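input-v4.txt follows; it contains compact mmCIF, C-alpha atoms.
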# COMPACT_ATOMS: atom_id res chain seq x y z
CA MET A 1 24.59 -11.89 -5.48
CA PRO A 2 21.50 -10.01 -6.71
CA GLU A 3 21.72 -6.32 -7.50
CA SER A 4 21.04 -4.29 -4.36
CA LEU A 5 17.64 -2.65 -4.05
CA ASP A 6 16.45 0.58 -2.50
CA LEU A 7 13.08 -0.98 -1.75
CA LEU A 8 11.56 -4.48 -1.61
CA VAL A 9 7.77 -4.64 -1.27
CA LEU A 10 5.83 -7.65 0.04
CA GLY A 11 2.18 -7.41 -0.90
CA ASN A 12 -0.91 -8.78 -2.55
CA ALA A 13 -0.56 -9.30 -6.30
CA ILE A 14 -3.96 -8.14 -7.54
CA VAL A 15 -5.46 -7.06 -10.85
CA ASP A 16 -7.84 -4.10 -10.51
CA LEU A 17 -11.12 -3.95 -12.42
CA ILE A 18 -12.39 -0.38 -12.11
CA ALA A 19 -15.84 0.96 -12.99
CA ARG A 20 -17.56 4.31 -12.52
CA THR A 21 -20.85 3.90 -10.70
CA ASP A 22 -23.17 5.64 -8.24
CA GLU A 23 -24.47 5.15 -4.72
CA THR A 24 -27.67 3.51 -5.99
CA PHE A 25 -25.57 0.70 -7.46
CA LEU A 26 -23.62 0.35 -4.22
CA ALA A 27 -26.85 0.05 -2.26
CA ALA A 28 -28.28 -2.47 -4.71
CA GLN A 29 -25.15 -4.58 -4.40
CA GLY A 30 -25.08 -4.27 -0.60
CA VAL A 31 -21.54 -2.88 -0.41
CA PRO A 32 -20.58 -0.18 2.13
CA LYS A 33 -19.26 2.94 0.43
CA GLY A 34 -15.56 3.63 0.89
CA ALA A 35 -14.74 0.28 2.48
CA MET A 36 -12.83 -2.77 1.33
CA GLN A 37 -14.54 -6.13 1.77
CA LEU A 38 -13.36 -9.61 0.89
CA ILE A 39 -15.46 -11.74 -1.45
CA ASP A 40 -15.30 -15.31 -2.76
CA GLU A 41 -14.90 -16.37 -6.38
CA ALA A 42 -18.64 -16.84 -6.96
CA ARG A 43 -19.38 -13.32 -5.71
CA ALA A 44 -16.51 -12.02 -7.85
CA GLU A 45 -18.12 -13.40 -10.98
CA GLU A 46 -21.53 -12.04 -9.96
CA LEU A 47 -20.21 -8.55 -9.28
CA PHE A 48 -18.19 -8.47 -12.50
CA ALA A 49 -21.30 -9.30 -14.50
CA ALA A 50 -23.21 -6.43 -12.84
CA MET A 51 -20.48 -3.78 -13.18
CA GLY A 52 -20.68 -3.08 -16.89
CA GLN A 53 -17.75 -1.35 -18.59
CA THR A 54 -14.49 -1.69 -16.68
CA THR A 55 -10.87 -0.57 -16.86
CA VAL A 56 -8.45 -3.44 -16.21
CA VAL A 57 -5.02 -2.60 -14.76
CA SER A 58 -2.49 -4.29 -12.53
CA GLY A 59 -2.95 -3.19 -8.96
CA GLY A 60 -2.71 -4.22 -5.35
CA SER A 61 -1.66 -1.70 -2.73
CA GLY A 62 1.95 -2.82 -2.34
CA SER A 63 2.56 -3.28 -6.04
CA ASN A 64 1.22 0.23 -6.67
CA THR A 65 3.80 1.52 -4.19
CA ALA A 66 6.53 -0.53 -5.85
CA ALA A 67 5.59 0.80 -9.29
CA GLY A 68 5.46 4.41 -8.14
CA ALA A 69 8.82 4.19 -6.40
CA ALA A 70 10.41 2.61 -9.48
CA ILE A 71 8.99 5.33 -11.72
CA LEU A 72 10.60 7.88 -9.40
CA GLY A 73 13.95 6.19 -9.85
CA ALA A 74 14.22 3.85 -6.86
CA LYS A 75 15.60 0.35 -7.51
CA THR A 76 12.58 -1.66 -6.50
CA GLY A 77 11.50 -5.28 -6.21
CA PHE A 78 8.17 -6.92 -5.46
CA VAL A 79 7.29 -10.18 -3.72
CA GLY A 80 3.75 -11.39 -4.37
CA LYS A 81 1.92 -14.43 -5.74
CA VAL A 82 -0.11 -14.85 -8.94
CA ARG A 83 -1.45 -17.91 -10.75
CA ASN A 84 -0.11 -18.84 -14.20
CA ASP A 85 -3.31 -17.61 -15.85
CA GLU A 86 -4.19 -14.67 -18.12
CA LEU A 87 -4.56 -12.13 -15.34
CA GLY A 88 -1.37 -13.38 -13.67
CA GLY A 89 0.55 -12.79 -16.88
CA LEU A 90 -0.98 -9.32 -17.23
CA PHE A 91 0.00 -8.43 -13.68
CA ALA A 92 3.61 -9.53 -14.13
CA HIS A 93 3.98 -7.77 -17.48
CA ASP A 94 2.54 -4.47 -16.22
CA LEU A 95 4.64 -4.44 -13.06
CA ARG A 96 7.91 -5.25 -14.82
CA ALA A 97 7.14 -2.59 -17.43
CA THR A 98 7.37 0.05 -14.68
CA GLY A 99 10.90 -1.13 -13.85
CA VAL A 100 10.04 -3.28 -10.83
CA ARG A 101 11.94 -6.52 -10.37
CA PHE A 102 9.41 -9.36 -9.97
CA ASP A 103 10.90 -12.85 -9.82
CA VAL A 104 8.41 -14.87 -7.74
CA ALA A 105 7.29 -18.00 -9.60
CA ALA A 106 3.59 -18.14 -10.51
CA ALA A 107 1.48 -20.86 -8.93
CA THR A 108 0.68 -23.73 -11.30
CA ASP A 109 -2.45 -24.86 -9.47
CA GLY A 110 -4.93 -23.60 -6.89
CA PRO A 111 -7.02 -20.40 -6.93
CA ALA A 112 -6.99 -17.92 -9.81
CA THR A 113 -5.04 -14.67 -9.75
CA ALA A 114 -6.52 -12.18 -7.31
CA ARG A 115 -8.72 -9.34 -8.51
CA CYS A 116 -10.19 -6.24 -6.91
CA PHE A 117 -13.45 -4.75 -8.16
CA ILE A 118 -13.22 -1.01 -7.57
CA LEU A 119 -16.43 1.01 -7.77
CA VAL A 120 -15.79 4.75 -8.15
CA THR A 121 -18.62 7.15 -7.29
CA PRO A 122 -18.86 10.70 -8.74
CA ASP A 123 -17.12 12.17 -5.68
CA GLY A 124 -14.01 10.11 -6.45
CA GLU A 125 -14.49 7.78 -3.49
CA ARG A 126 -13.62 4.15 -4.18
CA THR A 127 -15.34 1.10 -2.79
CA MET A 128 -13.37 -2.12 -3.09
CA ASN A 129 -14.49 -5.74 -3.26
CA THR A 130 -11.53 -8.08 -3.32
CA TYR A 131 -11.18 -11.73 -4.30
CA LEU A 132 -7.78 -12.65 -2.92
CA GLY A 133 -7.31 -15.93 -4.80
CA ALA A 134 -3.71 -16.86 -5.54
CA CYS A 135 -2.11 -13.94 -3.69
CA GLN A 136 -2.90 -15.66 -0.38
CA GLY A 137 -0.48 -18.41 -1.37
CA LEU A 138 2.58 -16.27 -0.63
CA SER A 139 4.94 -18.22 1.64
CA PRO A 140 8.36 -17.82 3.27
CA ALA A 141 9.86 -19.79 0.38
CA ASP A 142 8.97 -16.86 -1.92
CA VAL A 143 11.21 -14.49 0.06
CA ASP A 144 14.71 -14.86 -1.34
CA GLU A 145 17.19 -14.24 1.46
CA ALA A 146 19.86 -12.56 -0.64
CA THR A 147 17.34 -10.25 -2.31
CA ALA A 148 15.75 -9.30 1.01
CA ALA A 149 19.13 -8.62 2.60
CA SER A 150 20.10 -6.35 -0.31
CA ALA A 151 17.12 -4.01 0.14
CA ARG A 152 17.69 -0.81 2.13
CA THR A 153 14.00 -0.80 3.08
CA ILE A 154 11.46 -3.63 3.13
CA TYR A 155 7.84 -2.47 2.90
CA LEU A 156 5.07 -4.72 4.21
CA GLU A 157 1.45 -4.41 3.08
CA GLY A 158 -0.96 -4.80 6.00
CA TYR A 159 -3.63 -6.36 3.79
CA LEU A 160 -1.41 -9.45 3.48
CA TRP A 161 -1.44 -10.09 7.22
CA ASP A 162 -4.49 -12.40 6.86
CA PRO A 163 -2.92 -15.69 5.66
CA LEU A 164 -0.70 -17.54 8.15
CA GLU A 165 1.97 -18.39 5.58
CA ALA A 166 2.14 -14.75 4.45
CA LYS A 167 2.65 -13.67 8.07
CA GLU A 168 5.59 -16.04 8.26
CA ALA A 169 6.94 -14.55 5.02
CA PHE A 170 6.70 -11.10 6.64
CA ARG A 171 8.49 -12.28 9.76
CA LYS A 172 11.24 -13.85 7.66
CA ALA A 173 11.69 -10.61 5.72
CA VAL A 174 11.84 -8.56 8.96
CA LYS A 175 14.50 -10.85 10.42
CA ILE A 176 16.61 -10.69 7.26
CA ALA A 177 16.28 -6.91 6.95
CA HIS A 178 17.24 -6.17 10.53
CA GLY A 179 20.01 -8.75 10.40
CA ALA A 180 21.47 -6.80 7.47
CA GLY A 181 21.06 -3.47 9.27
CA ASN A 182 18.21 -2.31 7.02
CA ALA A 183 14.80 -0.76 7.72
CA VAL A 184 11.29 -2.22 7.75
CA ALA A 185 8.17 -0.21 6.88
CA LEU A 186 4.55 -1.28 7.42
CA THR A 187 1.39 0.19 5.94
CA LEU A 188 -1.78 -0.41 7.95
CA SER A 189 -3.75 -0.60 4.65
CA ASP A 190 -7.34 -0.31 5.90
CA ALA A 191 -9.24 0.51 9.11
CA PHE A 192 -11.11 -2.81 8.92
CA CYS A 193 -7.78 -4.60 8.53
CA VAL A 194 -6.54 -2.80 11.64
CA GLY A 195 -9.68 -3.84 13.49
CA ARG A 196 -8.89 -7.50 12.80
CA TYR A 197 -5.21 -7.33 13.74
CA ARG A 198 -4.82 -4.34 16.06
CA ASP A 199 -2.93 -6.21 18.76
CA GLU A 200 -0.63 -7.88 16.26
CA PHE A 201 0.17 -4.62 14.47
CA LEU A 202 0.86 -2.90 17.79
CA GLY A 203 3.03 -5.87 18.70
CA LEU A 204 5.11 -5.39 15.53
CA ILE A 205 5.57 -1.71 16.38
CA ARG A 206 6.41 -2.28 20.03
CA ASP A 207 8.77 -5.22 19.60
CA GLY A 208 10.88 -3.22 17.14
CA SER A 209 9.89 -5.15 14.00
CA VAL A 210 8.70 -1.93 12.33
CA ASP A 211 10.83 1.19 11.86
CA ILE A 212 8.48 3.20 9.61
CA LEU A 213 4.67 3.21 9.81
CA PHE A 214 2.31 4.46 7.08
CA ALA A 215 -1.35 5.08 7.93
CA ASN A 216 -4.22 7.35 7.09
CA LEU A 217 -5.99 9.10 9.94
CA GLY A 218 -8.88 6.60 9.98
CA GLU A 219 -6.48 3.67 10.27
CA LEU A 220 -4.55 5.41 13.02
CA LYS A 221 -7.73 6.07 15.00
CA SER A 222 -8.66 2.41 14.62
CA LEU A 223 -5.19 1.37 15.80
CA TYR A 224 -5.51 3.38 19.00
CA GLN A 225 -9.28 2.85 19.37
CA THR A 226 -10.24 6.50 19.49
CA ASP A 227 -12.55 8.79 17.50
CA ASP A 228 -10.25 11.74 18.26
CA GLY A 229 -7.67 12.30 15.54
CA GLU A 230 -5.46 14.44 17.77
CA ALA A 231 -5.44 11.72 20.42
CA ALA A 232 -4.42 9.13 17.83
CA ILE A 233 -1.58 11.34 16.58
CA LYS A 234 -0.40 11.93 20.17
CA ALA A 235 -0.41 8.17 20.80
CA LEU A 236 1.74 7.64 17.72
CA ARG A 237 4.04 10.50 18.72
CA ASP A 238 4.56 8.90 22.13
CA GLU A 239 4.97 5.34 20.80
CA ARG A 240 8.26 3.62 21.60
CA ASP A 241 9.51 0.13 20.95
CA ALA A 242 11.05 -2.28 23.48
CA ARG A 243 14.41 -0.51 23.18
CA GLY A 244 12.88 2.91 23.78
CA ARG A 245 13.13 4.05 20.16
CA HIS A 246 10.53 6.25 18.47
CA LEU A 247 9.42 4.97 15.11
CA LEU A 248 8.91 7.20 12.08
CA GLY A 249 5.20 7.68 11.34
CA LEU A 250 3.66 9.05 8.14
CA VAL A 251 -0.02 9.93 8.48
CA THR A 252 -2.07 10.96 5.45
CA ARG A 253 -5.11 13.20 5.89
CA SER A 254 -6.61 13.51 2.39
CA ALA A 255 -7.00 17.18 1.40
CA GLU A 256 -5.33 18.28 4.63
CA GLY A 257 -2.04 16.75 3.55
CA ALA A 258 0.15 14.56 5.72
CA LEU A 259 1.98 14.50 9.02
CA VAL A 260 5.54 13.39 9.67
CA VAL A 261 5.78 12.05 13.23
CA LYS A 262 9.25 11.36 14.59
CA GLY A 263 10.97 11.57 17.96
CA GLY A 264 8.03 13.23 19.67
CA GLU A 265 7.78 15.91 16.96
CA VAL A 266 4.97 16.36 14.43
CA ARG A 267 5.57 18.19 11.13
CA ALA A 268 2.75 19.03 8.71
CA VAL A 269 3.07 18.68 4.93
CA GLU A 270 0.45 20.36 2.74
CA ALA A 271 -1.42 18.51 0.01
CA PHE A 272 -0.71 19.58 -3.56
CA PRO A 273 -3.65 21.14 -5.43
CA VAL A 274 -5.49 18.90 -7.89
CA ARG A 275 -7.51 19.87 -10.94
CA GLU A 276 -10.26 17.33 -10.20
CA VAL A 277 -10.57 14.37 -7.84
CA VAL A 278 -11.50 11.55 -10.22
CA ASP A 279 -10.53 8.40 -8.30
CA THR A 280 -8.83 8.20 -4.90
CA THR A 281 -7.67 4.63 -5.54
CA GLY A 282 -3.97 4.40 -4.80
CA ALA A 283 -3.50 7.80 -3.16
CA GLY A 284 -1.99 6.30 -0.03
CA ASP A 285 0.02 3.82 -2.08
CA LEU A 286 1.59 6.58 -4.15
CA PHE A 287 2.22 8.73 -1.10
CA ALA A 288 4.26 5.84 0.30
CA ALA A 289 5.99 5.43 -3.08
CA GLY A 290 7.04 9.06 -3.18
CA PHE A 291 8.19 9.07 0.41
CA LEU A 292 10.25 5.89 0.03
CA ALA A 293 11.75 7.05 -3.27
CA GLY A 294 12.76 10.32 -1.61
CA HIS A 295 14.13 8.43 1.37
CA ALA A 296 16.23 6.28 -0.99
CA ARG A 297 17.66 9.45 -2.54
CA GLY A 298 18.69 10.75 0.87
CA LEU A 299 16.02 13.44 1.19
CA ASP A 300 14.94 14.36 4.70
CA ASN A 301 11.59 13.14 6.02
CA VAL A 302 9.63 16.31 5.25
CA ALA A 303 11.02 16.60 1.71
CA SER A 304 10.29 12.90 1.15
CA ALA A 305 6.72 13.41 2.40
CA ARG A 306 6.28 16.33 -0.02
CA LEU A 307 7.35 14.03 -2.86
CA GLY A 308 4.78 11.53 -1.60
CA ALA A 309 2.08 14.21 -1.52
CA LEU A 310 2.89 15.14 -5.13
CA ALA A 311 2.64 11.52 -6.30
CA ALA A 312 -0.67 11.11 -4.47
CA ALA A 313 -2.05 14.28 -6.08
CA GLU A 314 -1.19 13.00 -9.55
CA VAL A 315 -2.84 9.62 -9.12
CA ILE A 316 -6.21 10.92 -7.88
CA GLU A 317 -6.69 13.00 -11.04
CA HIS A 318 -7.43 9.92 -13.17
CA ILE A 319 -8.87 6.41 -13.06
CA GLY A 320 -6.44 3.80 -11.78
CA ALA A 321 -3.67 3.65 -9.20
CA ARG A 322 -0.64 3.87 -11.50
CA PRO A 323 0.77 7.28 -12.52
CA GLN A 324 -0.13 8.57 -15.99
CA ARG A 325 2.02 11.74 -15.99
CA ASP A 326 5.79 11.90 -15.68
CA LEU A 327 6.34 11.97 -11.91
CA VAL A 328 10.02 12.82 -12.22
CA ALA A 329 9.23 15.86 -14.42
CA LEU A 330 6.48 16.95 -12.00
CA ALA A 331 8.86 16.61 -9.06
CA LYS A 332 11.60 18.58 -10.80
CA ALA A 333 9.09 21.34 -11.62
CA GLN A 334 8.36 21.59 -7.88
CA ASN A 335 12.10 21.52 -7.01
CA LEU A 336 11.61 18.24 -5.16
CA LEU A 337 14.25 16.35 -7.17
Would you mind writing the file's structure down as structure tokens?
Amino acid sequence: MPESLDLLVLGNAIVDLIARTDETFLAAQGVPKGAMQLIDEARAEELFAAMGQTTVVSGGSGSNTAAGAAILGAKTGFVGKVRNDELGGLFAHDLRATGVRFDVAAATDGPATARCFILVTPDGERTMNTYLGACQGLSPADVDEATAASARTIYLEGYLWDPLEAKEAFRKAVKIAHGAGNAVALTLSDAFCVGRYRDEFLGLIRDGSVDILFANLGELKSLYQTDDGEAAIKALRDERDARGRHLLGLVTRSAEGALVVKGGEVRAVEAFPVREVVDTTGAGDLFAAGFLAGHARGLDNVASARLGALAAAEVIEHIGARPQRDLVALAKAQNLL
């Protein structure tokens, strides 16, 4: 039997290529500021050539969460697909170096390892252009039943809801988790992603597939098709599954902190102060990492959300979505651990 895990993440295995730029460049390239759009391999090569100097790091929303949780001491695994190419090797090495268990075999043919071109403007906002490549090849066969059953929480990345085989991998993981009496978390990932799969995401919430939901306010408004943030939060507060259970909702609100929504109650958690917002890439991912690491340690929901807010504050102070300071030391200094 595999060693039991606190957290198993299913997500896109992506290498991030990050460049500082300005809004003139965004306009010239025809990319909407602050959004994530999917591109093909030819466009990926074209954009890379235009970007200039870049920072190359392993990324992907779910793998960022896995890495952050592992750094905070949670026993964490990751399920995602890379190709057996240079970037695939870099991704695997970087993720394992954070302490994350990553055992999925690399593809030996087909598309190249996925990459995300992240354009960071002076205000710290990130605009993402993603070539999904090999990560779309994730299938149910990549979800090991014993590993999935051993994980106290399985975390599903909404971005990976596009490919049919990946959806089936998600459904397999949900069935295994609930069969073992464990929890399932879903992150909505992106408002445009929600727009494509709103009914399916609501279906997962309402049929009891999801126990914990992570979203930012924009994603939540998209889910409930409203421009009113308070109305979206109320809808989440009132949400129940087929058995009448409230789910646990974590809603991030940038500088306004986060909300913990559970059982008809809403609790606010303040954002931690930051010295300078350099790059917001990964803020939501690290919030989820901190929350889930706290949850694994037995912290209550508000304390776990404060740990998430601290991790998010650290990651936006530098380029890249992986922590650069000692999160455990920071948490202990704030009496969070």
Original post:
Taking only C-alpha atoms into account, which of A:Val328, A:Val194, A:Ala303, A:Val120 comes nearest Gly158 (chain A)?
Top reply: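 Between A:Val328, A:Val194, A:Ala303, A:Val120, the residue approaching Gly158 (chain A) most closely is A:Val194.
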Subject >> Pick from A:Leu220, A:Val174, A:Ile205, A:Val266 nearest to Phe192 (chain A), counting all atoms listed in the file >> reply: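 Smallest distance to Phe192 (chain A) is found for A:Leu220.
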**OP:** Could you pull out every residue with an atom within 9 Å of (8.1, -18.1, 1.7), file coordinates, counting all atoms listed in the file, and send them as a ChimeraX atom specification?
**Re:** /A:138-144,165-166,168-170,172
May I have a table of the residues of region 24-141 of chain A lying at most 9 Å from region 273-289 of chain A, giving each one's closest pair of atoms and their distance in Å to one decimal, counting only C-alpha atoms, ordered by chain and ascending residue number, as CSV?
residue,atom,partner,partner_atom,distance
A:Gly59,CA,A:Gly282,CA,8.7
A:Gly60,CA,A:Gly282,CA,8.7
A:Ser61,CA,A:Asp285,CA,5.8
A:Gly62,CA,A:Asp285,CA,6.9
A:Ser63,CA,A:Asp285,CA,8.5
A:Asn64,CA,A:Asp285,CA,5.9
A:Thr65,CA,A:Ala289,CA,4.6
A:Ala66,CA,A:Ala289,CA,6.6
A:Ala67,CA,A:Ala289,CA,7.8
A:Gly68,CA,A:Ala289,CA,5.2
A:Ala69,CA,A:Ala289,CA,4.5
A:Ala70,CA,A:Ala289,CA,8.3
A:Leu72,CA,A:Ala289,CA,8.2
A:Ile118,CA,A:Thr281,CA,8.2
A:Val120,CA,A:Asp279,CA,6.4
A:Thr121,CA,A:Asp279,CA,8.2
A:Pro122,CA,A:Val278,CA,7.6
A:Asp123,CA,A:Val277,CA,7.2
A:Gly124,CA,A:Asp279,CA,4.3
A:Glu125,CA,A:Thr280,CA,5.8
A:Arg126,CA,A:Thr281,CA,6.1
A:Thr127,CA,A:Thr281,CA,8.9
**OP:** Please provide as a VMD selection string all residues within 8 Å of region 98-114 of chain A, with the sequence filter that same-chain residues fewer than 2 positions apart are discarded (counting only C-alpha atoms).
**Re:** chain A and resid 13 to 15 66 to 67 70 to 71 75 to 85 87 to 88 92 94 to 96 116 130 to 135 142
Original post:
By how many Å are CA of Met128 (chain A) and CA of Ala255 (chain A) apart?
Top reply: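 Here the two named atoms are 20.8 Å from each other.
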Original post:
With distances taken over only C-alpha atoms, which of A:Ala177, A:Asp162, A:Glu145, A:Asn182 is nearest to Phe201 (chain A)?
Top reply: A:Asp162
Subject >> Shell around Glu157 (chain A) at 7 Å using only C-alpha atoms, local window under 3 positions removed, as a list of chain:residue names >> reply: A:Leu10, A:Gly11, A:Gly62, A:Leu160, A:Leu186, A:Thr187, A:Ser189
Which neighbours of Ser4 (chain A) fall inside 9 Å, counting all atoms listed in the file, when residues of the same chain fewer than 4 positions from it are skipped, and could you give them as an mmCIF file with C-alpha atoms, in the frame of the given file?
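Saved result, result_16.cif, follows:
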data_model
loop_
_atom_site.group_PDB
_atom_site.id
_atom_site.type_symbol
_atom_site.label_atom_id
_atom_site.label_comp_id
_atom_site.auth_asym_id
_atom_site.auth_seq_id
_atom_site.Cartn_x
_atom_site.Cartn_y
_atom_site.Cartn_z
ATOM 1 C CA LYS A 75 15.600 0.350 -7.510
ATOM 2 C CA THR A 147 17.340 -10.250 -2.310
ATOM 3 C CA ALA A 149 19.130 -8.620 2.600
ATOM 4 C CA SER A 150 20.100 -6.350 -0.310
ATOM 5 C CA ALA A 151 17.120 -4.010 0.140
ATOM 6 C CA ARG A 152 17.690 -0.810 2.130
#
**OP:** Mind giving me the straight-line distance from CA of Ala97 (chain A) to CA of Pro323 (chain A) in Å, one decimal?
**Re:**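 Separation between CA of Ala97 (chain A) and CA of Pro323 (chain A): 12.7 Å.
With all atoms listed in the file as the atoms that count, the residue of A:Ala293, A:Val260, A:Val9, A:Ala305 with the shortest distance to Ala148 (chain A) is A:Val9.
Using all atoms listed in the file, the protein and nucleic acid residues lying at most 12 Å from the point (4.4, -3.8, 21.8) are Arg198, Asp199, Glu200, Phe201, Leu202, Gly203, Leu204, Ile205, Arg206, Asp207, Gly208, Ser209, Val210, Glu239, Arg240, Asp241, Ala242, Arg243, Gly244 and Arg245 of chain A.
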Subject >> Near-Gly257 (chain A) list (9 Å; only C-alpha atoms; drop same-chain fewer than 2 positions) as a PyMOL selection string >> reply: chain A and resi 251-255+259+268-272+309
